[in-house]
Amino acid sequence: MVFLKKKYNLQKTLFFTLVFFSFTNCFQKNLNYYQFWKGYDHLQRSIKSTSKNEILLSALAGSLSEENEAQLQRTAEGYPYLSLYGNIDNQQNWNLHWNEPEPPKYDYLAKVIFTPKLWDEREIYTVERKIIHKLNGYQPRDFFKWLNDFVLAINDHNAYQTLKSKSQNLQFLCNAMQCHVTENAEWQTLEFTINEDTKAKFPGFYQRTGSRLEKTKLNLEIWDRFNPTHKLKITNQGKTIQFHFPVNPPPDYFLSPKEIRFLGDFEIKSFGITVKIQNLEYKLKTTFEKQSDTLDGHFVRIGKKEINGNFFYIIPQGFVNFFIPGNMDEYFNEFFTLLIQGTQGRGGSQIHATFKKTDRGQINSITTYNETKRKRFSLFGGDDSQKASNDFDFYASWEEAMLLDLK
């Protein structure tokens, strides 16, 4: 099921993260931030230009299924892997090379190894990813400073109206989607609705992301464990995504969180099947030192989970099991075992990221580990409308607007 895939989880996370990032970089010009995110945008476009093969690009993000293994290289032990190395020249052009020996010097490195394993009699991968790049000028602490600024501004009507009138970024979002702010005793809520304007301007994004939001019901609570009043919430109602920020937040709101908790309830309806997940919890520890920021994250627990309904509304669940790798309930339960506990003695899905300033610039490293099934089933379908590339025009235009606010 695609919602059980890393690809879908990452896409949802990317959507939320980009919204947050866009909000929190609308206030004032910052050349360091501009150079970092302009460089990141240029790097991502350069990577995409080196390959039109979506299987390779998905594998680079950590997603692979058994039928596509032949498109990857093999380690000396015979495990599927791929790598991408590169340097940037004096004209700021990237020279990127797939699956070549690791060079002694590089400005970008990415390597992903998919190791087939047996969990009892089940076939799985352990997926290990390592990414290093040397973009300079932005660290996680900067994100939290901008988040603090934004939430304080949204609680000030005049400050928010000034922001909305000046920000190319916010104007882009409100032109591409319907947007408005509401308030109650507890929350200031900023809403974006994917609508007919979105369809006319970004049909691929409307079809893919809009349809997925429409099939999904989300309630995600986020808070600083050591400062419970430092909280926010993300929900949706159909194609409307809502960001809830506290009324009258404390002045130090999320300025220096030490442990951020995410607690999510999800409901997905597709093809007559309803999947419900309650109390899926994630922990992200942050460490801010003089020259480096470190993030460590992993899943903590899950509460209630259930799946029911009839595929296409008429076919009994037992019959559907013939078309899915294993029994549906087993597939569902096994996914969360892999995600949260893991089966190989290393725990479940996890990330470690370091952003470190040095005398020669900044070195950023991200390593991830997760376990996933080799055989996959997509609840959202596998036709062309579900390709991640359908979202590209929207995100590319959005990134341009974000950069205009920073320059």
# chains A, B, ... in the order shown; residues from 1 in each chain; ligands from 1
$ select_by_dssp --residues "region 218-346 of chain A" --states "strand (DSSP E)" --output "ChimeraX atom specification"
/A:218-224,227-237,240-246,259-270,273-288,292-301,305-309
$ select_by_dssp --residues "region 113-334 of chain A" --states "alpha helix (DSSP H)" --output "number ranges by chain"
A: 140-154, 157-166, 168-176, 196-201, 203-205, 211-214, 317-320, 328-334
$ write_last_selection --atoms "C-alpha atoms" --output "compact mmCIF listing (two decimals), in the first residue's frame"
# COMPACT_ATOMS: atom_id res chain seq x y z
CA PRO A 140 18.19 23.65 11.69
CA ARG A 141 18.44 26.31 14.41
CA ASP A 142 17.67 28.90 11.74
CA PHE A 143 14.44 27.12 10.89
CA PHE A 144 13.25 27.34 14.48
CA LYS A 145 14.14 31.03 14.69
CA TRP A 146 12.04 31.72 11.60
CA LEU A 147 9.20 29.55 12.89
CA ASN A 148 9.20 31.62 16.07
CA ASP A 149 9.04 34.83 14.05
CA PHE A 150 6.18 33.58 11.91
CA VAL A 151 3.98 32.37 14.75
CA LEU A 152 4.45 35.66 16.60
CA ALA A 153 3.56 37.53 13.39
CA ILE A 154 0.43 35.52 12.65
CA HIS A 157 -3.03 41.14 12.44
CA ASN A 158 -1.04 44.09 11.10
CA ALA A 159 2.21 42.11 10.93
CA TYR A 160 0.51 39.29 9.05
CA GLN A 161 -1.12 41.64 6.53
CA THR A 162 2.25 43.30 5.91
CA LEU A 163 3.81 39.90 5.41
CA LYS A 164 1.08 38.85 2.99
CA SER A 165 1.43 42.04 0.93
CA LYS A 166 5.22 41.79 0.60
CA GLN A 168 6.24 36.64 -3.12
CA ASN A 169 6.11 33.26 -1.49
CA LEU A 170 2.81 33.70 0.32
CA GLN A 171 1.34 35.40 -2.75
CA PHE A 172 2.30 32.41 -4.87
CA LEU A 173 0.58 29.99 -2.48
CA CYS A 174 -2.56 32.11 -2.30
CA ASN A 175 -2.69 32.39 -6.10
CA ALA A 176 -2.15 28.67 -6.60
CA GLU A 196 -9.91 24.79 -9.64
CA ASP A 197 -7.21 27.51 -9.76
CA THR A 198 -4.70 24.85 -8.75
CA LYS A 199 -6.03 22.51 -11.43
CA ALA A 200 -5.66 25.17 -14.14
CA LYS A 201 -2.13 26.18 -13.15
CA PRO A 203 -2.78 19.97 -13.17
CA GLY A 204 -0.25 17.30 -12.19
CA PHE A 205 -0.07 18.54 -8.59
CA SER A 211 -6.42 13.23 -4.84
CA ARG A 212 -4.25 11.86 -2.04
CA LEU A 213 -5.35 14.56 0.38
CA GLU A 214 -8.96 13.87 -0.56
CA GLN A 317 -11.18 -8.79 1.62
CA GLY A 318 -10.21 -12.45 1.44
CA PHE A 319 -10.37 -12.34 -2.35
CA VAL A 320 -8.23 -9.19 -2.43
CA MET A 328 -3.85 -7.70 4.02
CA ASP A 329 -3.88 -7.63 7.80
CA GLU A 330 -0.51 -9.33 7.95
CA TYR A 331 0.94 -6.93 5.39
CA PHE A 332 -0.40 -4.01 7.40
CA ASN A 333 0.90 -5.26 10.76
CA GLU A 334 4.27 -6.27 9.37
$ residues_around --residues "region 112-128 of chain A" --least-positions-apart "3" --cutoff "6 Å" --atoms "only C-alpha atoms" --output "list in words"
Tyr79, Pro80, Tyr81, Leu82, Thr368, Tyr369, Asn370, Glu371, Thr372, Lys373 and Arg374 of chain A
$ closest_residue --among "A:Leu43, A:Leu135, A:Ile307, A:Leu295" --to "Arg360 (chain A)" --atoms "only C-alpha atoms"
A:Leu135
$ residues_around --residues "region 72-77 of chain A" --least-positions-apart "4" --cutoff "12 Å" --atoms "only C-alpha atoms" --output "VMD selection string"
chain A and resid 53 55 to 60 63 to 68 81 to 84 98 to 101 111 to 116
$ closest_residue --among "A:Ser256, A:Gln242, A:Asn308, A:Gln344" --to "Lys269 (chain A)" --atoms "only C-alpha atoms"
A:Asn308
$ atom_distance --atom1 "CA of Trp398 (chain A)" --atom2 "CA of Ile260 (chain A)"
26.9 Å
$ residues_around --residues "Glu221 (chain A)" --least-positions-apart "3" --cutoff "7 Å" --atoms "only C-alpha atoms" --output "list in words"
Leu232, Lys233, Ile234, Phe262, Leu263 and Gly264 of chain A
$ closest_residue --among "A:Phe288, A:Trp37, A:Tyr108, A:Phe299" --to "Gly348 (chain A)" --atoms "only C-alpha atoms"
A:Phe299
$ closest_residue --among "A:Asn364, A:Thr354, A:Arg225, A:Asn30" --to "Glu289 (chain A)" --atoms "only C-alpha atoms"
A:Thr354
$ atom_distance --atom1 "CA of Gln207 (chain A)" --atom2 "CA of Gly238 (chain A)"
13.3 Å
$ atom_distance --atom1 "CA of Met177 (chain A)" --atom2 "CA of Ile194 (chain A)"
5.1 Å
$ residues_around --residues "Pro250 (chain A)" --least-positions-apart "3" --cutoff "8 Å" --atoms "only C-alpha atoms" --output "VMD selection string"
chain A and resid 229 to 230 253
$ residues_around --residues "Glu259 (chain A)" --least-positions-apart "2" --cutoff "7 Å" --atoms "only C-alpha atoms" --output "ChimeraX atom specification"
/A:224-225,257,261,283-286
$ write_last_selection --atoms "all heavy atoms" --output "mmCIF file, in the first residue's frame"
data_model
loop_
_atom_site.group_PDB
_atom_site.id
_atom_site.type_symbol
_atom_site.label_atom_id
_atom_site.label_comp_id
_atom_site.auth_asym_id
_atom_site.auth_seq_id
_atom_site.Cartn_x
_atom_site.Cartn_y
_atom_site.Cartn_z
ATOM 1 N N ASP A 224 7.056 20.511 21.827
ATOM 2 C CA ASP A 224 8.346 20.364 22.488
ATOM 3 C C ASP A 224 8.091 19.659 23.822
ATOM 4 O O ASP A 224 7.360 20.179 24.678
ATOM 5 C CB ASP A 224 8.970 21.749 22.710
ATOM 6 C CG ASP A 224 10.336 21.678 23.390
ATOM 7 O OD1 ASP A 224 10.757 20.582 23.794
ATOM 8 O OD2 ASP A 224 10.977 22.740 23.528
ATOM 9 N N ARG A 225 8.700 18.509 23.993
ATOM 10 C CA ARG A 225 8.428 17.716 25.191
ATOM 11 C C ARG A 225 8.722 18.491 26.477
ATOM 12 O O ARG A 225 8.039 18.324 27.486
ATOM 13 C CB ARG A 225 9.261 16.437 25.148
ATOM 14 C CG ARG A 225 9.014 15.518 26.342
ATOM 15 C CD ARG A 225 9.959 14.346 26.351
ATOM 16 N NE ARG A 225 9.868 13.589 27.588
ATOM 17 C CZ ARG A 225 10.796 12.760 28.031
ATOM 18 N NH1 ARG A 225 11.891 12.576 27.323
ATOM 19 N NH2 ARG A 225 10.640 12.112 29.165
ATOM 20 N N PRO A 257 14.183 24.003 20.852
ATOM 21 C CA PRO A 257 13.606 22.740 21.337
ATOM 22 C C PRO A 257 14.685 21.681 21.529
ATOM 23 O O PRO A 257 15.675 21.640 20.798
ATOM 24 C CB PRO A 257 12.650 22.350 20.215
ATOM 25 C CG PRO A 257 13.253 22.950 18.987
ATOM 26 C CD PRO A 257 13.868 24.247 19.434
ATOM 27 N N ARG A 261 8.132 16.049 19.726
ATOM 28 C CA ARG A 261 7.294 14.863 19.554
ATOM 29 C C ARG A 261 6.234 15.124 18.486
ATOM 30 O O ARG A 261 5.673 16.214 18.398
ATOM 31 C CB ARG A 261 6.609 14.496 20.875
ATOM 32 C CG ARG A 261 7.568 13.996 21.966
ATOM 33 C CD ARG A 261 8.219 12.683 21.597
ATOM 34 N NE ARG A 261 9.145 12.205 22.589
ATOM 35 C CZ ARG A 261 8.991 11.057 23.263
ATOM 36 N NH1 ARG A 261 7.953 10.277 23.020
ATOM 37 N NH2 ARG A 261 9.890 10.677 24.154
ATOM 38 N N LYS A 283 9.803 10.693 17.598
ATOM 39 C CA LYS A 283 10.624 11.538 18.459
ATOM 40 C C LYS A 283 11.800 12.086 17.673
ATOM 41 O O LYS A 283 12.504 11.350 16.989
ATOM 42 C CB LYS A 283 11.134 10.729 19.663
ATOM 43 C CG LYS A 283 12.087 11.511 20.569
ATOM 44 C CD LYS A 283 12.385 10.744 21.856
ATOM 45 C CE LYS A 283 13.292 9.561 21.606
ATOM 46 N NZ LYS A 283 13.697 8.905 22.878
ATOM 47 N N LEU A 284 12.001 13.403 17.758
ATOM 48 C CA LEU A 284 13.132 14.055 17.102
ATOM 49 C C LEU A 284 13.924 14.830 18.144
ATOM 50 O O LEU A 284 13.433 15.825 18.700
ATOM 51 C CB LEU A 284 12.654 14.997 15.999
ATOM 52 C CG LEU A 284 13.757 15.715 15.208
ATOM 53 C CD1 LEU A 284 14.549 14.702 14.370
ATOM 54 C CD2 LEU A 284 13.158 16.798 14.315
ATOM 55 N N LYS A 285 15.131 14.375 18.449
ATOM 56 C CA LYS A 285 15.992 15.067 19.402
ATOM 57 C C LYS A 285 16.877 16.054 18.654
ATOM 58 O O LYS A 285 17.414 15.746 17.582
ATOM 59 C CB LYS A 285 16.848 14.060 20.175
ATOM 60 C CG LYS A 285 16.061 13.133 21.075
ATOM 61 C CD LYS A 285 16.980 12.236 21.905
ATOM 62 C CE LYS A 285 17.761 13.043 22.930
ATOM 63 N NZ LYS A 285 18.561 12.169 23.823
ATOM 64 N N THR A 286 17.045 17.238 19.229
ATOM 65 C CA THR A 286 17.881 18.265 18.613
ATOM 66 C C THR A 286 19.002 18.643 19.578
ATOM 67 O O THR A 286 18.789 18.758 20.789
ATOM 68 C CB THR A 286 17.062 19.522 18.272
ATOM 69 O OG1 THR A 286 16.558 20.093 19.483
ATOM 70 C CG2 THR A 286 15.891 19.188 17.369
#
$ decode --residues "region 73-84 of chain A" --atoms "N, CA, C and O atoms" --output "PDB file, in the first residue's frame"
ATOM      1  N   GLN A  73      23.007  -1.330  -9.485  1.00  0.00           N
ATOM      2  CA  GLN A  73      24.285  -2.025  -9.446  1.00  0.00           C
ATOM      3  C   GLN A  73      24.274  -3.046  -8.307  1.00  0.00           C
ATOM      4  O   GLN A  73      23.326  -3.101  -7.508  1.00  0.00           O
ATOM      5  N   ARG A  74      25.346  -3.843  -8.228  1.00  0.00           N
ATOM      6  CA  ARG A  74      25.467  -4.832  -7.157  1.00  0.00           C
ATOM      7  C   ARG A  74      26.778  -4.627  -6.410  1.00  0.00           C
ATOM      8  O   ARG A  74      27.822  -4.358  -7.008  1.00  0.00           O
ATOM      9  N   THR A  75      26.704  -4.748  -5.075  1.00  0.00           N
ATOM     10  CA  THR A  75      27.927  -4.711  -4.282  1.00  0.00           C
ATOM     11  C   THR A  75      28.705  -6.004  -4.482  1.00  0.00           C
ATOM     12  O   THR A  75      28.228  -6.939  -5.135  1.00  0.00           O
ATOM     13  N   ALA A  76      29.883  -6.067  -3.905  1.00  0.00           N
ATOM     14  CA  ALA A  76      30.686  -7.285  -3.995  1.00  0.00           C
ATOM     15  C   ALA A  76      29.948  -8.480  -3.393  1.00  0.00           C
ATOM     16  O   ALA A  76      30.145  -9.625  -3.815  1.00  0.00           O
ATOM     17  N   GLU A  77      29.069  -8.194  -2.421  1.00  0.00           N
ATOM     18  CA  GLU A  77      28.280  -9.265  -1.797  1.00  0.00           C
ATOM     19  C   GLU A  77      27.028  -9.594  -2.595  1.00  0.00           C
ATOM     20  O   GLU A  77      26.302 -10.526  -2.231  1.00  0.00           O
ATOM     21  N   GLY A  78      26.759  -8.827  -3.657  1.00  0.00           N
ATOM     22  CA  GLY A  78      25.589  -9.086  -4.497  1.00  0.00           C
ATOM     23  C   GLY A  78      24.345  -8.307  -4.125  1.00  0.00           C
ATOM     24  O   GLY A  78      23.261  -8.601  -4.631  1.00  0.00           O
ATOM     25  N   TYR A  79      24.480  -7.273  -3.262  1.00  0.00           N
ATOM     26  CA  TYR A  79      23.320  -6.506  -2.826  1.00  0.00           C
ATOM     27  C   TYR A  79      23.056  -5.337  -3.779  1.00  0.00           C
ATOM     28  O   TYR A  79      23.993  -4.670  -4.232  1.00  0.00           O
ATOM     29  N   PRO A  80      21.784  -5.039  -4.081  1.00  0.00           N
ATOM     30  CA  PRO A  80      21.480  -3.887  -4.930  1.00  0.00           C
ATOM     31  C   PRO A  80      21.920  -2.583  -4.251  1.00  0.00           C
ATOM     32  O   PRO A  80      21.700  -2.392  -3.050  1.00  0.00           O
ATOM     33  N   TYR A  81      22.520  -1.692  -5.040  1.00  0.00           N
ATOM     34  CA  TYR A  81      22.910  -0.390  -4.505  1.00  0.00           C
ATOM     35  C   TYR A  81      22.996   0.605  -5.643  1.00  0.00           C
ATOM     36  O   TYR A  81      23.017   0.248  -6.819  1.00  0.00           O
ATOM     37  N   LEU A  82      23.047   1.878  -5.296  1.00  0.00           N
ATOM     38  CA  LEU A  82      23.413   2.901  -6.259  1.00  0.00           C
ATOM     39  C   LEU A  82      24.125   4.014  -5.530  1.00  0.00           C
ATOM     40  O   LEU A  82      23.994   4.192  -4.304  1.00  0.00           O
ATOM     41  N   SER A  83      24.921   4.769  -6.287  1.00  0.00           N
ATOM     42  CA  SER A  83      25.669   5.874  -5.706  1.00  0.00           C
ATOM     43  C   SER A  83      25.680   7.033  -6.686  1.00  0.00           C
ATOM     44  O   SER A  83      25.503   6.857  -7.901  1.00  0.00           O
ATOM     45  N   LEU A  84      25.882   8.210  -6.141  1.00  0.00           N
ATOM     46  CA  LEU A  84      25.958   9.423  -6.949  1.00  0.00           C
ATOM     47  C   LEU A  84      26.950  10.356  -6.281  1.00  0.00           C
ATOM     48  O   LEU A  84      26.811  10.680  -5.096  1.00  0.00           O
TER      49      LEU A  84
END
